[in-house]
Protein chains: 8
Amino acid sequence: MDAVIEKLKHLPYENLGFAHVDHHRAIRQGFPEVVFGRGKTPEQIAAIAEKLLARAGNLLVTRTEVRAFELVQQIEPSAIFHESCGAISVIRDRTIYGKGTVAVVTAGTSDIPVAEEAALTVEAMGNELIKLFDVGVAGIHRILSQRELLQQARVVVCCAGMEGALPSVVGGLVSVPVIAVPTSIGYGASFGGVAALLGMLNSCSSNVTVVNIDNGFGAGYVASLINRG
Amino acid sequence: MDAVIEKLKHLPYENLGFAHVDHHRAIRQGFPEVVFGRGKTPEQIAAIAEKLLARAGNLLVTRTEVRAFELVQQIEPSAIFHESCGAISVIRDRTIYGKGTVAVVTAGTSDIPVAEEAALTVEAMGNELIKLFDVGVAGIHRILSQRELLQQARVVVCCAGMEGALPSVVGGLVSVPVIAVPTSIGYGASFGGVAALLGMLNSCSSNVTVVNIDNGFGAGYVASLINRG
Amino acid sequence: MDAVIEKLKHLPYENLGFAHVDHHRAIRQGFPEVVFGRGKTPEQIAAIAEKLLARAGNLLVTRTEVRAFELVQQIEPSAIFHESCGAISVIRDRTIYGKGTVAVVTAGTSDIPVAEEAALTVEAMGNELIKLFDVGVAGIHRILSQRELLQQARVVVCCAGMEGALPSVVGGLVSVPVIAVPTSIGYGASFGGVAALLGMLNSCSSNVTVVNIDNGFGAGYVASLINRG
Amino acid sequence: MDAVIEKLKHLPYENLGFAHVDHHRAIRQGFPEVVFGRGKTPEQIAAIAEKLLARAGNLLVTRTEVRAFELVQQIEPSAIFHESCGAISVIRDRTIYGKGTVAVVTAGTSDIPVAEEAALTVEAMGNELIKLFDVGVAGIHRILSQRELLQQARVVVCCAGMEGALPSVVGGLVSVPVIAVPTSIGYGASFGGVAALLGMLNSCSSNVTVVNIDNGFGAGYVASLINRG
Amino acid sequence: MDAVIEKLKHLPYENLGFAHVDHHRAIRQGFPEVVFGRGKTPEQIAAIAEKLLARAGNLLVTRTEVRAFELVQQIEPSAIFHESCGAISVIRDRTIYGKGTVAVVTAGTSDIPVAEEAALTVEAMGNELIKLFDVGVAGIHRILSQRELLQQARVVVCCAGMEGALPSVVGGLVSVPVIAVPTSIGYGASFGGVAALLGMLNSCSSNVTVVNIDNGFGAGYVASLINRG
Amino acid sequence: MDAVIEKLKHLPYENLGFAHVDHHRAIRQGFPEVVFGRGKTPEQIAAIAEKLLARAGNLLVTRTEVRAFELVQQIEPSAIFHESCGAISVIRDRTIYGKGTVAVVTAGTSDIPVAEEAALTVEAMGNELIKLFDVGVAGIHRILSQRELLQQARVVVCCAGMEGALPSVVGGLVSVPVIAVPTSIGYGASFGGVAALLGMLNSCSSNVTVVNIDNGFGAGYVASLINRG
Amino acid sequence: MDAVIEKLKHLPYENLGFAHVDHHRAIRQGFPEVVFGRGKTPEQIAAIAEKLLARAGNLLVTRTEVRAFELVQQIEPSAIFHESCGAISVIRDRTIYGKGTVAVVTAGTSDIPVAEEAALTVEAMGNELIKLFDVGVAGIHRILSQRELLQQARVVVCCAGMEGALPSVVGGLVSVPVIAVPTSIGYGASFGGVAALLGMLNSCSSNVTVVNIDNGFGAGYVASLINRG
Amino acid sequence: MDAVIEKLKHLPYENLGFAHVDHHRAIRQGFPEVVFGRGKTPEQIAAIAEKLLARAGNLLVTRTEVRAFELVQQIEPSAIFHESCGAISVIRDRTIYGKGTVAVVTAGTSDIPVAEEAALTVEAMGNELIKLFDVGVAGIHRILSQRELLQQARVVVCCAGMEGALPSVVGGLVSVPVIAVPTSIGYGASFGGVAALLGMLNSCSSNVTVVNIDNGFGAGYVASLINRG
């Protein structure tokens with residue numbers, strides 16, 4: 001085994017001391033490089049972004065702030081800052097890789113920042129996108145009236161806080177995978193999104209899987225993989 | 001204050017040593033006497049039932065078992081045992097006191113025992129009753145197709161386990177109070193009904209209030225009060 | 001089913017992009033339009049308010065801040081900002097729709113902001129109101145001395161933090177529904193209102209139902225429905 | 001320090017291999033020896049009991065079962081088994097050491113086994129005892145009518161499950177320490193006594209302290225210490 | 001809207017009183033009818049199964065017991081009982097609908113029953129299947145040595161208890177969606193699968209989504225949808 | 001009962017609208033009036049303080065801030081602000097009511113603010129006081145070396161954060177009641193004092209009771225009651 | 001990387017279908033093979049044991065039952081069953097590999113089964129062992145009197161339930177690593193060992209690390225590694 | 001015992017009123033004095049530091065801020081402030097006491113501050129150090145490629161947030177003790193490090209023990225003890 005491990009040392013990544021920057025993905029067509037910004041200083045983000053941008057492809061930095069954006073923009077002027085979700089995007093490849101459409105749905109207006117993170121990811125990975133916002137279950141006619149649109153999607157990302165009931169209803173209306181994103185919207189016994197998370201994990205619709213609270217990026221990423229499959 | 005308290009000693013209750021049996025309610029027309037059976041021995045239940053049955057009115061014993069029923073039946077042959085929810089009922093007054101109809105709804109088949117406890121209470125308190133079972137949100141057409149029936153109710157009791165989404169949808173379809181009963185149906189991250197409880201507490205429908213997990217009795221009781229109001 | 005859904009598209013709501021504004025309620029007599037402010041920008045709140053105020057009726061915006069109020073006031077000068085609970089109200093219809101009186105009760109002084117949200121809702125929905133503040137159970141004579149007043153109510157909203165015991169005592173003193181509102185008042189093992197919430201869910205008084213922590217609006221809303229019933 | 005520790009080796013206890021049996025307490029007048037039975041085999045309990053009974057004084061074994069009792073009875077025929085709480089008592093010293101009376105109060109009938117463990121401890125430690133059972137807050141007249149009796153006590157042990165509200169009310173009625181014992185009575189969101197525990201920890205009555213769920217022994221023990229003080 | 005709802009009443013489902021049996025799915029090619037067995041009596045299961053089997057297609061009953069199987073077998077002799085996961089299957093349609101292969105992976109031997117539920121679902125829905133069992137991360141060479149096999153799959157179902165780390169490692173090795181199933185395997189601070197669930201929700205691999213603890217069926221169902229997509 | 005309640009209305013308290021100010025205690029010798037400051041505005045605190053100070057006795061306001069102090073000081077120039085615990089005290093009666101000494105002990109330096117709240121209460125209620133700070137169990141010689149001092153106390157208040165082990169050790173060293181105060185000192189899995197709270201509730205020393213996290217006041221209050229007993 | 005992975009396939013393990021049996025450890029001197037029994041059938045355990053015993057060295061099966069032992073005994077007659085902790089051991093190599101002594105300590109008698117699992121592991125891995133049982137902190141002289149013995153150990157395993165305070169005290173008495181094992185001993189707010197676990201994680205002694213609740217094996221294993229180091 | 005305790009009073013510590021400063025450790029070669037800064041004022045820290053620095057040896061103050069550093073620097077100009085983890089170090093003894101190397105590993109870039117606290121401790125206690133940062137399991141080749149380096153260590157400290165899976169993989173790659181440090185890195189269902197903590201406690205690698213969330217110091221301390229052993 002030692003000999004085997006020896007060889008693994010020469011895989012293509014760069015060691016920045018504080019980070020190991022992979023270049024595997026850049027090789028795969030249409031996959032953006034992604035940096036999770038939280039807990040990294042603007043300087044660390046800029047250093048990683050510089051290495052990644054040296055190769056072809058799109059870049060997404062999530063959960064960061066305008067200071068990091070300013071540094072990245074100096075490296076790559078086409079970078080865009082998405083204030084609602086705190087993301088930086090560099091889109092250099094606009095090819096459509098997905099076979100169909102990805103729908104991103106929210107229960108309320110307050111869930112939109114999370115949905116925007118998902119939508120941004122879906123677009124950076126080369127997919128057609130449908131957005132349906134503020135169609136929560138308390139006014140069931142809102143989602144019902146969009147059923148046709150929903151049924152065009154090959155996969156649905158569904159963001160909801162509070163009781164997190166929307167994915168169950170959406171799951172019953174479509175026959176494709178629904179990726180549920182609990183959001184931290186709510187107060188009191190919502191426990192920062194836990195109520196919605198539990199609701200979604202216990203969904204009575206069989207086609208629902210779940211990602212972490214507020215993880216719009218993860219939902220958009222998996223939706224994109226499914227849409228390429 | 002001491003003089004005041006002195007007088008309170010002579011209020012109408014009986015001290016059985018292990019229990020203080022009130023006779024306030026028996027005076028109020030159409031209120032059943034209710035004994036919460038859990039944690040009481042069959043003998044204790046029978047002793048309390050005997051005292052209560054000595055006065056006019058209906059009796060309900062919840063969360064008990066057949067052994068207690070057998071003892072109660074010796075005291076009052078008209079007693080009935082409801083196996084699904086472990087309740088004993090003695091219905092001697094069949095007057096209708098409620099002004100309208102109470103609907104009892106369940107999301108799934110497994111929620112029926114809790115709904116039966118609610119329904120039993122609603123009937124023991126003199127109300128017209130509608131039952132709608134297995135109309136959970138994953139097949140939204142089931143509840144939609146019953147909307148007219150639902151809208152005839154003056155109050156709705158809605159029992160659901162798993163993600164507990166049904167009360168939010170029902171709440172949006174009616175303009176009367178909805179009493180949500182989380183049930184302990186589910187597994188894993190349902191945590192014995194906690195997921196449903198949290199979902200209901202965070203309902204985006206404004207007309208929803210909540211009772212304890214599996215508390216069919218409490219929901220039926222409040223629904224009856226509202227229907228008399 | 002597709003044909004059915006097709007028709008649902010033409011229901012009366014407006015799509016603002018970030019929100020679907022319903023106009024169903026405005027048609028029903030005496031129901032205020034309500035906007036949950038948290039997570040919405042002042043601009044979003046003002047845009048929604050403008051649409052809603054274009055039709056007759058009262059408006060309530062909960063959990064917002066003075067910035068939103070200033071924008072709403074430009075649209076409707078009669079708007080009032082309620083600082084203790086962060087609500088905006090526009091009361092254009094002052095008809096009394098409720099059949100009796102709604103009592104709003106608090107255990108302590110610190111619970112008053114939540115009670116004010118409930119009271120505001122009760123008034124906006126056209127009800128007579130009784131307020132009883134700071135009558136917690138540690139000095140039981142305080143609530144006892146108000147029993148007559150309490151017993152005039154057709155429904156009671158009861159706000160309490162810390163151990164949340166007041167609804168159980170109130171529930172025993174009245175024979176009408178009690179809507180318990182746990183408040184986030186307390187520290188340490190109150191866990192932001194969870195202790196009060198659990199206490200209320202486990203109330204030994206059968207006429208108690210519960211809403212989310214600090215949800216004065218929801219309690220006031222359901223109390224109003226009951227009082228109209 | 002080494003020299004100091006050296007001396008500590010010769011303190012009066014016996015090493016049974018699986019247990020270190022202290023004889024410090026036996027010297028102090030009127031303190032029973034106490035064995036916590038759970039997790040110990042009947043044989044281990046009997047072996048410990050034998051050592052302890054070789055010296056003067058009372059013995060209490062809590063949370064054990066009839067098998068252990070049978071072995072202890074062979075050693076000491078005066079031993080008594082208390083079935084409701086699973087305790088064994090050997091009372092050889094019946095002197096009254098307490099200065100006043102200890103009251104043991106329960107909210108419901110189902111809390112009685114825990115109260116019996118407390119009462120047994122209080123008696124084994126030489127105190128006068130008052131028992132008030134089934135005086136929960138939903139029927140506030142029950143506890144009010146006993147206020148005079150309560151106020152004779154120098155300390156109150158108060159056992160309650162469900163919402164655990166009774167200690168707050170009792171605490172407001174007396175000016176002596178109240179030791180609150182949450183019981184595991186309840187279902188659903190009572191979480192095996194956690195709701196009552198939290199309620200008691202957050203009591204708005206300043207004279208309330210709390211012990212573990214179902215810990216009747218601990219409450220009785222501290223009450224006895226206070227009554228001797 | 002009333003007219004719309006009126007039409008919804010005539011959708012194809014049968015009302016058994018305790019259950020509403022849908023026949024929508026039977027129309028869609030290759031979708032099995034599925035009955036969640038827990039909380040339903042053997043008689044209820046048999047009654048539902050009979051209705052469903054009256055139409056063409058496969059049937060899966062999950063989380064049930066041998067008693068229910070015996071009743072189902074009388075209706076349909078080809079029914080099979082899968083003891084490890086308590087499932088009944090009736091496979092009448094063996095067409096392959098999936099475009100590629102679904103891999104079902106476990107971390108340990110004890111996770112196999114959950115994996116079997118997933119595998120059974122995957123097969124009932126017409127997919128090619130790869131099983132890789134007992135390849136947990138503590139011996140990383142086990143999963144590494146299967147990388148080629150894993151990379152042939154179009155979607156991976158990954159079952160793990162204890163710390164639930166396997167999906168993160170698998171997610172890094174493949175570029176297709178990974179559906180993580182936390183299992184209730186473990187003890188102490190595994191909290192019946194919660195530790196694994198949280199681990200999976202926080203996976204640092206972007207291609208991981210999660211289903212409820214022990215929900216092999218749900219994972220297999222979504223994996224099948226993805227494989228058809 | 002109605003007649004009884006009627007009389008209760010005339011008990012001695014004043015209604016300030018937002019608060020009911022009791023004057024029961026002022027009559028009892030040596031009991032301070034206490035105001036829990038959190039959630040009350042400085043103006044509310046000053047208004048309550050003014051009413052209370054109109055009668056003889058000591059006053060304690062806990063959990064407040066310097067703004068409230070400044071208003072109270074205008075009413076009563078002898079008021080003192082205790083910055084570490086945010087308390088205001090007015091001590092006009094310096095009689096010693098306690099029969100012995102109360103010890104206030106802390107595990108660490110960071111627990112001192114909570115201990116100061118307890119000490120302040122103990123002194124305001126007329127007790128002799130011993131303070132032992134920073135004698136946690138990791139250096140067991142520190143508490144052992146103070147054993148003689150500890151054993152002079154008639155009751156011990158023991159404040160500890162982190163693992164909360166000190167009350168168990170102290171409980172073993174003394175034969176009087178120990179009131180354990182968990183503090184919110186710690187990080188990570190201390191969960192704001194929950195670890196210490198649970199440790200204390202599960203203490204293997206029988207003479208330990210517990211109050212809420214950081215509730216120095218409550219501990220000092222009960223200790224004073226015990227010391228008077 | 002593909003070439004590297006290809007080689008990894010030929011590492012020494014055997015695939016039993018339901019388990020991958022490693023033979024890496026058998027090569028390392030004095031490491032027992034260990035099988036975690038829970039969730040494995042007796043037949044699976046016997047099959048794995050047979051493979052492992054085909055090579056030299058000791059074998060330990062934890063958390064299993066007598067049925068599995070009987071099958072293993074047929075393969076290896078020298079196998080021993082340890083009833084208190086449900087372990088099977090086969091000790092064929094009795095060499096002492098550890099440099100010093102490992103101490104295994106318990107707070108109470110009820111913690112002994114967990115300590116026995118640790119002790120068994122320590123012995124199977126070739127270490128000298130000291131056992132100190134029932135030396136919990138409520139009688140601090142018990143552990144103090146054993147300080148000399150404790151200080152001879154190169155590493156201490158410390159098992160405690162309830163408040164889990166013993167490791168903090170032991171940690172202060174020795175200057176070697178202390179491995180704390182929370183046990184599930186306790187009731188009520190011990191939450192199956194969670195209180196002890198949290199106490200240990202928050203230990204104020206710097207030399208304490210923690211393993212899972214009841215994980216005697218893990219503690220013994222790491223202690224052995226440290227003692228060899 | 002009283003005589004014994006009497007002697008303990010004269011052990012070498014200094015009482016600063018708010019703190020008891022021990023001088024036991026200073027005597028033991030190569031152990032730094034350590035002050036836990038959180039909850040202590042800069043002035044308290046400086047006072048303690050002054051006492052400790054009056055004796056020979058290294059000093060470490062953890063979890064403090066630059067204000068405290070400035071005061072300490074006035075006492076000892078060689079003091080260094082480590083901004084990432086908020087620690088002050090005074091290193092006067094640079095002897096290597098450890099027998100081998102300690103490795104400090106992180107899963108991500110964001111875990112580095114915790115790792116730096118560990119590394120600082122490891123160095124202050126006289127050990128050779130290896131740092132491996134950003135080698136989390138989602139890119140398994142990163143840690144595999146460092147296996148040789150890892151295997152040189154006599155003990156590994158492994159810091160990870162989110163799912164906390166790295167220690168299990170590292171534990172499988174080395175045969176020495178692994179001390180796992182959960183970090184509070186993550187969001188949503190990471191619950192401030194709880195997900196990582198649970199993952200590590202449930203590790204399937206037998207050589208893993210755990211310290212509190214973010215407790216880099218504790219991990220470094222125990223690693224140093226093991227490396228000296």
# chains A, B, ... in the order shown; residues from 1 in each chain; ligands from 1
$ interface_residues --of "chain C" --to "chain D" --cutoff "10 Å" --atoms "only C-alpha atoms" --output "ChimeraX atom specification"
/C:107-108,136-141,144,161-173,186-191,194-206
$ residues_around --residues "stretch 102-105 of chain F" --least-positions-apart "4" --cutoff "6 Å" --atoms "only C-alpha atoms" --output "PyMOL selection string"
chain F and resi 129-133+153+155-158
$ residues_around --residues "A:Ile80" --least-positions-apart "2" --cutoff "9 Å" --atoms "only C-alpha atoms" --output "list in words"
Phe69, Gln73, Pro77, Ser78, His82, Ala87, Ile88, Ser89, Val90 and Ile91 of chain A
$ atom_distance --atom1 "atom CA of H:Ala79" --atom2 "atom CA of H:Glu43"
16.0 Å
$ closest_residue --among "H:Thr109, H:Glu70, H:Val181, H:Arg94" --to "A:Gln44" --atoms "only C-alpha atoms"
H:Thr109
$ select_by_dssp --residues "stretch 12-174 of chain D" --states "strand (DSSP E)" --output "PyMOL selection string"
chain D and resi 13-15+20-22+33-36+59-62+80-82+87-90+101-106+128-132+153-160
$ write_last_selection --atoms "N, CA and C atoms" --output "compact mmCIF listing (two decimals), in the first residue's frame"
# COMPACT_ATOMS: atom_id res chain seq x y z
N TYR D 13 -14.04 3.04 55.72
CA TYR D 13 -14.96 2.44 54.78
C TYR D 13 -14.51 1.02 54.48
N GLU D 14 -15.42 0.23 53.99
CA GLU D 14 -15.08 -1.15 53.65
C GLU D 14 -15.12 -1.33 52.15
N ASN D 15 -14.15 -2.04 51.62
CA ASN D 15 -14.08 -2.29 50.19
C ASN D 15 -14.63 -3.68 49.88
N HIS D 20 -17.52 0.55 47.65
CA HIS D 20 -16.88 1.05 48.85
C HIS D 20 -17.98 1.48 49.81
N VAL D 21 -18.13 0.77 50.91
CA VAL D 21 -19.22 1.04 51.83
C VAL D 21 -18.73 1.96 52.94
N ASP D 22 -19.33 3.16 52.98
CA ASP D 22 -18.96 4.15 53.99
C ASP D 22 -19.65 3.89 55.31
N GLU D 33 -28.72 5.18 56.25
CA GLU D 33 -27.85 4.76 55.15
C GLU D 33 -28.75 4.56 53.94
N VAL D 34 -28.29 4.98 52.76
CA VAL D 34 -29.12 4.90 51.57
C VAL D 34 -28.35 4.20 50.45
N VAL D 35 -29.01 3.27 49.78
CA VAL D 35 -28.40 2.58 48.64
C VAL D 35 -29.27 2.85 47.41
N PHE D 36 -28.66 3.37 46.36
CA PHE D 36 -29.37 3.57 45.10
C PHE D 36 -29.37 2.24 44.35
N LEU D 59 -32.13 2.14 57.24
CA LEU D 59 -31.61 1.84 55.90
C LEU D 59 -32.72 2.05 54.88
N LEU D 60 -32.34 2.62 53.75
CA LEU D 60 -33.27 2.83 52.65
C LEU D 60 -32.59 2.35 51.37
N VAL D 61 -33.28 1.47 50.64
CA VAL D 61 -32.79 1.07 49.31
C VAL D 61 -33.82 1.57 48.32
N THR D 62 -33.42 2.43 47.37
CA THR D 62 -34.38 2.98 46.41
C THR D 62 -34.22 2.31 45.06
N ILE D 80 -39.17 -3.67 55.04
CA ILE D 80 -40.47 -3.52 54.37
C ILE D 80 -40.25 -3.16 52.91
N PHE D 81 -41.07 -3.70 52.02
CA PHE D 81 -40.96 -3.36 50.60
C PHE D 81 -42.11 -2.44 50.22
N HIS D 82 -41.78 -1.34 49.58
CA HIS D 82 -42.78 -0.35 49.17
C HIS D 82 -42.94 -0.47 47.66
N ALA D 87 -39.02 0.63 46.75
CA ALA D 87 -38.03 0.89 47.80
C ALA D 87 -38.13 -0.14 48.93
N ILE D 88 -36.98 -0.39 49.55
CA ILE D 88 -36.91 -1.21 50.76
C ILE D 88 -36.57 -0.28 51.92
N SER D 89 -37.27 -0.41 53.03
CA SER D 89 -36.90 0.39 54.21
C SER D 89 -36.70 -0.50 55.43
N VAL D 90 -35.71 -0.14 56.21
CA VAL D 90 -35.53 -0.74 57.54
C VAL D 90 -35.50 0.43 58.51
N THR D 101 -42.80 20.38 60.39
CA THR D 101 -43.46 19.43 59.52
C THR D 101 -42.98 19.59 58.08
N VAL D 102 -42.89 18.47 57.37
CA VAL D 102 -42.59 18.49 55.95
C VAL D 102 -43.86 18.13 55.19
N ALA D 103 -44.25 18.99 54.22
CA ALA D 103 -45.42 18.68 53.40
C ALA D 103 -44.97 18.05 52.08
N VAL D 104 -45.62 16.97 51.66
CA VAL D 104 -45.37 16.36 50.35
C VAL D 104 -46.66 16.47 49.55
N VAL D 105 -46.57 17.15 48.40
CA VAL D 105 -47.75 17.53 47.63
C VAL D 105 -47.61 16.96 46.21
N THR D 106 -48.73 16.53 45.61
CA THR D 106 -48.68 16.13 44.20
C THR D 106 -49.76 16.87 43.40
N GLU D 128 -42.06 14.78 60.96
CA GLU D 128 -43.50 14.78 60.85
C GLU D 128 -43.86 15.06 59.39
N LEU D 129 -44.93 14.47 58.91
CA LEU D 129 -45.24 14.51 57.48
C LEU D 129 -46.70 14.87 57.22
N ILE D 130 -46.92 15.75 56.24
CA ILE D 130 -48.27 16.02 55.72
C ILE D 130 -48.29 15.61 54.26
N LYS D 131 -49.32 14.90 53.83
CA LYS D 131 -49.46 14.53 52.43
C LYS D 131 -50.69 15.22 51.83
N LEU D 132 -50.48 15.87 50.68
CA LEU D 132 -51.60 16.47 49.93
C LEU D 132 -51.50 15.99 48.49
N ALA D 153 -46.24 23.88 57.24
CA ALA D 153 -45.00 23.16 56.94
C ALA D 153 -43.79 24.08 57.01
N ARG D 154 -42.65 23.52 57.41
CA ARG D 154 -41.39 24.28 57.40
C ARG D 154 -40.68 24.16 56.05
N VAL D 155 -41.13 23.21 55.26
CA VAL D 155 -40.58 23.01 53.92
C VAL D 155 -41.59 22.15 53.15
N VAL D 156 -41.71 22.40 51.84
CA VAL D 156 -42.67 21.67 51.01
C VAL D 156 -41.95 20.93 49.88
N VAL D 157 -42.28 19.66 49.71
CA VAL D 157 -41.85 18.89 48.53
C VAL D 157 -43.04 18.85 47.60
N CYS D 158 -42.84 19.27 46.34
CA CYS D 158 -43.97 19.41 45.42
C CYS D 158 -43.70 18.62 44.14
N CYS D 159 -44.45 17.54 43.92
CA CYS D 159 -44.24 16.64 42.78
C CYS D 159 -45.27 16.90 41.69
N ALA D 160 -44.83 17.14 40.47
CA ALA D 160 -45.78 17.37 39.38
C ALA D 160 -45.16 16.96 38.06
$ select_by_dssp --residues "stretch 119-225 of chain G" --states "alpha helix (DSSP H)" --output "PDB file with C-alpha atoms, in the first residue's frame"
ATOM      1  CA  ALA G 119     -10.449  -3.782  31.255  1.00  0.00           C
ATOM      2  CA  LEU G 120     -10.951  -6.752  28.954  1.00  0.00           C
ATOM      3  CA  THR G 121      -9.643  -4.714  26.017  1.00  0.00           C
ATOM      4  CA  VAL G 122      -6.676  -3.474  28.009  1.00  0.00           C
ATOM      5  CA  GLU G 123      -5.754  -7.030  28.909  1.00  0.00           C
ATOM      6  CA  ALA G 124      -6.320  -8.441  25.430  1.00  0.00           C
ATOM      7  CA  ILE G 140     -14.018  12.349  47.909  1.00  0.00           C
ATOM      8  CA  HIS G 141     -11.872  10.499  50.464  1.00  0.00           C
ATOM      9  CA  ARG G 142     -12.350   7.289  48.480  1.00  0.00           C
ATOM     10  CA  ILE G 143     -10.485   8.505  45.416  1.00  0.00           C
ATOM     11  CA  LEU G 144      -8.022  10.576  47.458  1.00  0.00           C
ATOM     12  CA  ARG G 147      -4.034   8.611  44.798  1.00  0.00           C
ATOM     13  CA  GLU G 148      -0.741   6.781  45.059  1.00  0.00           C
ATOM     14  CA  LEU G 149      -2.085   3.828  43.169  1.00  0.00           C
ATOM     15  CA  LEU G 150      -3.560   6.110  40.513  1.00  0.00           C
ATOM     16  CA  GLN G 151      -0.288   7.917  40.105  1.00  0.00           C
ATOM     17  CA  LEU G 166     -14.998  11.864  38.413  1.00  0.00           C
ATOM     18  CA  PRO G 167     -12.683  12.413  35.405  1.00  0.00           C
ATOM     19  CA  SER G 168     -12.251  16.081  36.357  1.00  0.00           C
ATOM     20  CA  VAL G 169     -11.146  15.155  39.865  1.00  0.00           C
ATOM     21  CA  VAL G 170      -8.950  12.281  38.655  1.00  0.00           C
ATOM     22  CA  GLY G 171      -7.492  14.564  35.988  1.00  0.00           C
ATOM     23  CA  GLY G 172      -6.417  16.979  38.688  1.00  0.00           C
ATOM     24  CA  LEU G 173      -4.741  14.219  40.698  1.00  0.00           C
ATOM     25  CA  VAL G 194     -25.778  12.608  27.862  1.00  0.00           C
ATOM     26  CA  ALA G 195     -25.380  14.518  31.136  1.00  0.00           C
ATOM     27  CA  ALA G 196     -22.180  12.612  31.896  1.00  0.00           C
ATOM     28  CA  LEU G 197     -20.945  13.027  28.318  1.00  0.00           C
ATOM     29  CA  LEU G 198     -21.437  16.793  28.404  1.00  0.00           C
ATOM     30  CA  GLY G 199     -19.807  17.028  31.812  1.00  0.00           C
ATOM     31  CA  MET G 200     -16.731  15.214  30.554  1.00  0.00           C
ATOM     32  CA  LEU G 201     -16.470  17.252  27.344  1.00  0.00           C
ATOM     33  CA  GLY G 216     -15.478   0.883  27.287  1.00  0.00           C
ATOM     34  CA  PHE G 217     -13.824  -0.831  24.357  1.00  0.00           C
ATOM     35  CA  GLY G 218     -12.733   2.399  22.693  1.00  0.00           C
ATOM     36  CA  ALA G 219     -11.321   3.781  25.907  1.00  0.00           C
ATOM     37  CA  GLY G 220      -9.394   0.585  26.588  1.00  0.00           C
ATOM     38  CA  TYR G 221      -8.108   0.542  23.033  1.00  0.00           C
ATOM     39  CA  VAL G 222      -6.727   4.092  23.102  1.00  0.00           C
ATOM     40  CA  ALA G 223      -5.329   3.601  26.602  1.00  0.00           C
ATOM     41  CA  SER G 224      -3.432   0.601  25.272  1.00  0.00           C
ATOM     42  CA  LEU G 225      -2.047   2.589  22.345  1.00  0.00           C
TER      43      LEU G 225
END
$ atom_distance --atom1 "atom CA of G:Gly57" --atom2 "atom CA of G:Asp214"
25.7 Å
$ atom_distance --atom1 "atom CA of B:Arg228" --atom2 "atom CA of B:Tyr97"
6.4 Å
$ decode --residues "stretch 128-139 of chain D" --atoms "C-alpha atoms" --output "CSV table (one decimal), in the first residue's frame"
chain,number,residue,atom,x,y,z
D,128,GLU,CA,-43.5,14.8,60.9
D,129,LEU,CA,-45.2,14.5,57.5
D,130,ILE,CA,-48.3,16.0,55.7
D,131,LYS,CA,-49.5,14.5,52.4
D,132,LEU,CA,-51.6,16.5,49.9
D,133,PHE,CA,-52.3,14.5,46.7
D,134,ASP,CA,-54.0,15.5,43.5
D,135,VAL,CA,-54.2,19.2,44.0
D,136,GLY,CA,-53.0,20.4,40.5
D,137,VAL,CA,-53.5,23.9,39.2
D,138,ALA,CA,-56.3,23.2,36.7
D,139,GLY,CA,-58.7,23.2,39.7
